[in-house]
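Peer 1: I am attaching a structure below and will ask some questions about it afterwards.
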Amino acid sequence: WLPVQFDGQLAHAIYILFTNMFYATIASMLAIAYSSMSTEISRDFDELNKVNITRLIFSMVATAVCTLLPTIFFKQLEQGQIDIRTFYLIVVFGFGLIFTVPIIIAGIYCRERAPYDDESVNISPGGLVKPLKTKVFRHMVALYLTQTVTLDTVSAIILYYSLYVVIGLNSTIFLGLFLAVQIIMLPIFYRLVRTVSKTKLYRVGLPLAIIGAIGIGLYPSNGPHAGVYGLTVLTAFGYAGAMTLSWII
């Protein structure tokens with residue numbers, strides 16, 4: 001029984017491994033092209049800022065919808081209102097179509113207006129790591145990674161936090177406040193970057209985000225929920241600059 005059981009678990013683990021590798025590869029091919037398009041679509045400074053802010057607004061709204069709705073569906077799953085098959089169908093075909101169709105449309109109809117050399121380039125392993133030799137590029141990669149990992153971490157642990165840390169906390173309100181503040185701040189930052197140094201805006205927001213995050217982490221489990229929501233607004237306000245400006249810089 002043990003060898004058969006082990007073989008079954010091993011086969012399942014290998015299947016999950018290759019499935020995730022295939023998904024991550026395809027997702028990266030689409031996401032990198034889509035994200036880089038906003039920096040190549042123009043050479044005008046104000047136009048680039050407008051394009052990036054517009055893309056970020058849609059991205060944040062999508063993040064809000066695709067984070068809040070699954071938590072609602074997950075609660076319905078826990079309460080037995082829907083079964084696991086229905087839950088997966090909603091996630092795969094519902095959210096999958098929402099993400100897939102716009103990217104396909106953008107890929108077909110959007111064109112870079114910035115001039116570039118129309119010549120074939122051979123891609124090699126050395127060429128892929130060549131940009132990392134540039135110090136500024138390494139810094140930008142660090143900015144992207146930190147803000148992305150932060151947002152993913154918040155989205156991933158909020159259910160755990162509301163169930164086991166601050167009991168009874170409404171995860172939908174928590175995430176809604178976190179994302180709503182950032183969406184509100186996007187057009188404000190768009191105005192500010194015209195007159196204020198992006199570096200200053202980035203550095204001013206980070207301490208607020210750190211203080212708010214520490215406050216949320218150390219918040220007493222029996223404390224009033226309003227305090228957590230207030231700290232969430234503070235964290236989101238500070239994080240908005242870090243998330244927005246890494247794309248505008």
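Every chain in the structure tokens takes a letter, A first, then B, and so on in the order presented; its residues are numbered from 1, and the ligands are numbered from 1 following the presented order.
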Show me a table, sorted first by chain and then by increasing residue number, of the residues of segment 93-181 of chain A having an atom at most 12 Å from segment 186-204 of chain A, each with its shortest atom pair and the distance in Å to one decimal, counting only C-alpha atoms and written as JSON lines.

Peer 2:
```
{"residue": "A:Leu143", "atom": "CA", "partner": "A:Tyr202", "partner_atom": "CA", "distance": 10.3}
{"residue": "A:Gln147", "atom": "CA", "partner": "A:Tyr202", "partner_atom": "CA", "distance": 11.6}
{"residue": "A:Leu179", "atom": "CA", "partner": "A:Leu186", "partner_atom": "CA", "distance": 10.9}
{"residue": "A:Ala180", "atom": "CA", "partner": "A:Leu186", "partner_atom": "CA", "distance": 10.1}
{"residue": "A:Val181", "atom": "CA", "partner": "A:Leu186", "partner_atom": "CA", "distance": 8.8}
```

Peer 1: Can those selected residues be exported to a file as an mmCIF file, in the first residue's frame so that it contains N, CA, C and O atoms?

Peer 2:
```cif
data_model
loop_
_atom_site.group_PDB
_atom_site.id
_atom_site.type_symbol
_atom_site.label_atom_id
_atom_site.label_comp_id
_atom_site.auth_asym_id
_atom_site.auth_seq_id
_atom_site.Cartn_x
_atom_site.Cartn_y
_atom_site.Cartn_z
ATOM 1 N N LEU A 143 12.055 47.675 -7.189
ATOM 2 C CA LEU A 143 10.843 48.432 -6.892
ATOM 3 C C LEU A 143 9.594 47.657 -7.316
ATOM 4 O O LEU A 143 8.615 47.561 -6.568
ATOM 5 N N GLN A 147 6.759 46.030 -4.461
ATOM 6 C CA GLN A 147 5.357 46.463 -4.411
ATOM 7 C C GLN A 147 4.417 45.340 -4.832
ATOM 8 O O GLN A 147 3.319 45.197 -4.287
ATOM 9 N N LEU A 179 -7.738 48.913 -1.181
ATOM 10 C CA LEU A 179 -7.694 49.133 -2.619
ATOM 11 C C LEU A 179 -8.361 50.450 -3.026
ATOM 12 O O LEU A 179 -7.902 51.124 -3.951
ATOM 13 N N ALA A 180 -9.432 50.836 -2.318
ATOM 14 C CA ALA A 180 -10.144 52.065 -2.673
ATOM 15 C C ALA A 180 -9.265 53.290 -2.475
ATOM 16 O O ALA A 180 -9.269 54.210 -3.313
ATOM 17 N N VAL A 181 -8.497 53.321 -1.382
ATOM 18 C CA VAL A 181 -7.615 54.463 -1.127
ATOM 19 C C VAL A 181 -6.595 54.605 -2.246
ATOM 20 O O VAL A 181 -6.292 55.716 -2.709
#
```

Peer 1: Mind running segment 14-44 of chain A against segment 96-114 of chain A at 7 Å and telling me each contacting residue's nearest atom pair with the distance in Å (one decimal), counting only C-alpha atoms, chain and number ascending, as a tab-separated table?

Peer 2:
```
residue	atom	partner	partner_atom	distance
A:Met37	CA	A:Glu112	CA	6.9
A:Glu40	CA	A:Glu112	CA	5.7
A:Ile41	CA	A:Glu112	CA	4.2
A:Ser42	CA	A:Ala114	CA	5.1
A:Arg43	CA	A:Ala114	CA	6.0
```

Peer 1: I'd like the contact shell of segment 231-233 of chain A - 10 Å cut-off, only C-alpha atoms, skipping same-chain residues fewer than 2 positions apart - returned as a PyMOL selection string.

Peer 2: chain A and resi 173-182+208-209+211-216+219+226-229+235-239

Peer 1: Just C-alpha atoms for this one: save the residues we selected as a compact mmCIF listing (two decimals), in the first residue's frame.

Peer 2:
```txt
# COMPACT_ATOMS: atom_id res chain seq x y z
CA ILE A 173 -14.14 45.92 4.20
CA PHE A 174 -10.41 45.55 4.94
CA LEU A 175 -9.47 44.85 1.34
CA GLY A 176 -12.01 47.31 0.02
CA LEU A 177 -10.48 50.16 2.03
CA PHE A 178 -6.94 49.14 1.09
CA LEU A 179 -7.69 49.13 -2.62
CA ALA A 180 -10.14 52.07 -2.67
CA VAL A 181 -7.61 54.46 -1.13
CA GLN A 182 -5.05 53.53 -3.77
CA LEU A 208 3.52 55.75 6.46
CA ALA A 209 2.98 52.34 4.89
CA ILE A 211 4.04 52.35 10.34
CA GLY A 212 0.53 51.30 9.32
CA ALA A 213 1.61 47.73 8.54
CA ILE A 214 3.39 47.38 11.90
CA GLY A 215 0.28 48.72 13.62
CA ILE A 216 -1.90 46.13 11.86
CA TYR A 219 -3.02 45.15 16.80
CA ALA A 226 -12.41 50.48 13.53
CA GLY A 227 -8.77 50.76 14.63
CA VAL A 228 -7.67 48.15 12.07
CA TYR A 229 -9.63 49.88 9.34
CA THR A 235 -1.04 51.84 5.08
CA ALA A 236 -2.83 52.13 1.75
CA PHE A 237 -2.17 55.87 1.59
CA GLY A 238 1.55 55.32 2.01
CA TYR A 239 1.67 52.26 -0.21
```

Peer 1: Restricting the calculation to only C-alpha atoms: of A:Ile16, A:Ile249, A:Leu69, A:Ile26, which residue gets closest to His139 of chain A?

Peer 2: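 Of all the options, A:Ile249 lies closest to His139 of chain A.
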
Peer 1: Apply DSSP to the structure's backbone, then extract all residues of segment 16-167 of chain A labelled alpha helix (DSSP H) and return them as a ChimeraX atom specification.

Peer 2: /A:16-40,45-78,84-89,96-109,125-129,135-160

Peer 1: Have a look at atom CA of Pro70 of chain A and atom CA of Thr86 of chain A and let me know their distance in Å, one decimal.

Peer 2: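 Interatomic distance here is 12.1 Å.
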
Peer 1: Measuring between only C-alpha atoms, which one of A:Thr150, A:His225, A:Gln79, A:Thr71 shows the shortest distance to Val91 of chain A?

Peer 2: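 Checking each of A:Thr150, A:His225, A:Gln79, A:Thr71 against Val91 of chain A, counting only C-alpha atoms, the winner is A:Thr71.
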
Peer 1: Taking into account only C-alpha atoms, which residue in the set A:Met243, A:Ile183, A:His12, A:Gly205 is nearest to Thr146 of chain A?

Peer 2: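 For Thr146 of chain A, the nearest of the given residues is A:Met243.
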
Peer 1: Please list as a PyMOL selection string every residue within 8 Å of Ile248 of chain A, counting only C-alpha atoms and excluding residues in the same chain fewer than 5 positions away.

Peer 2: chain A and resi 48-49+52-53
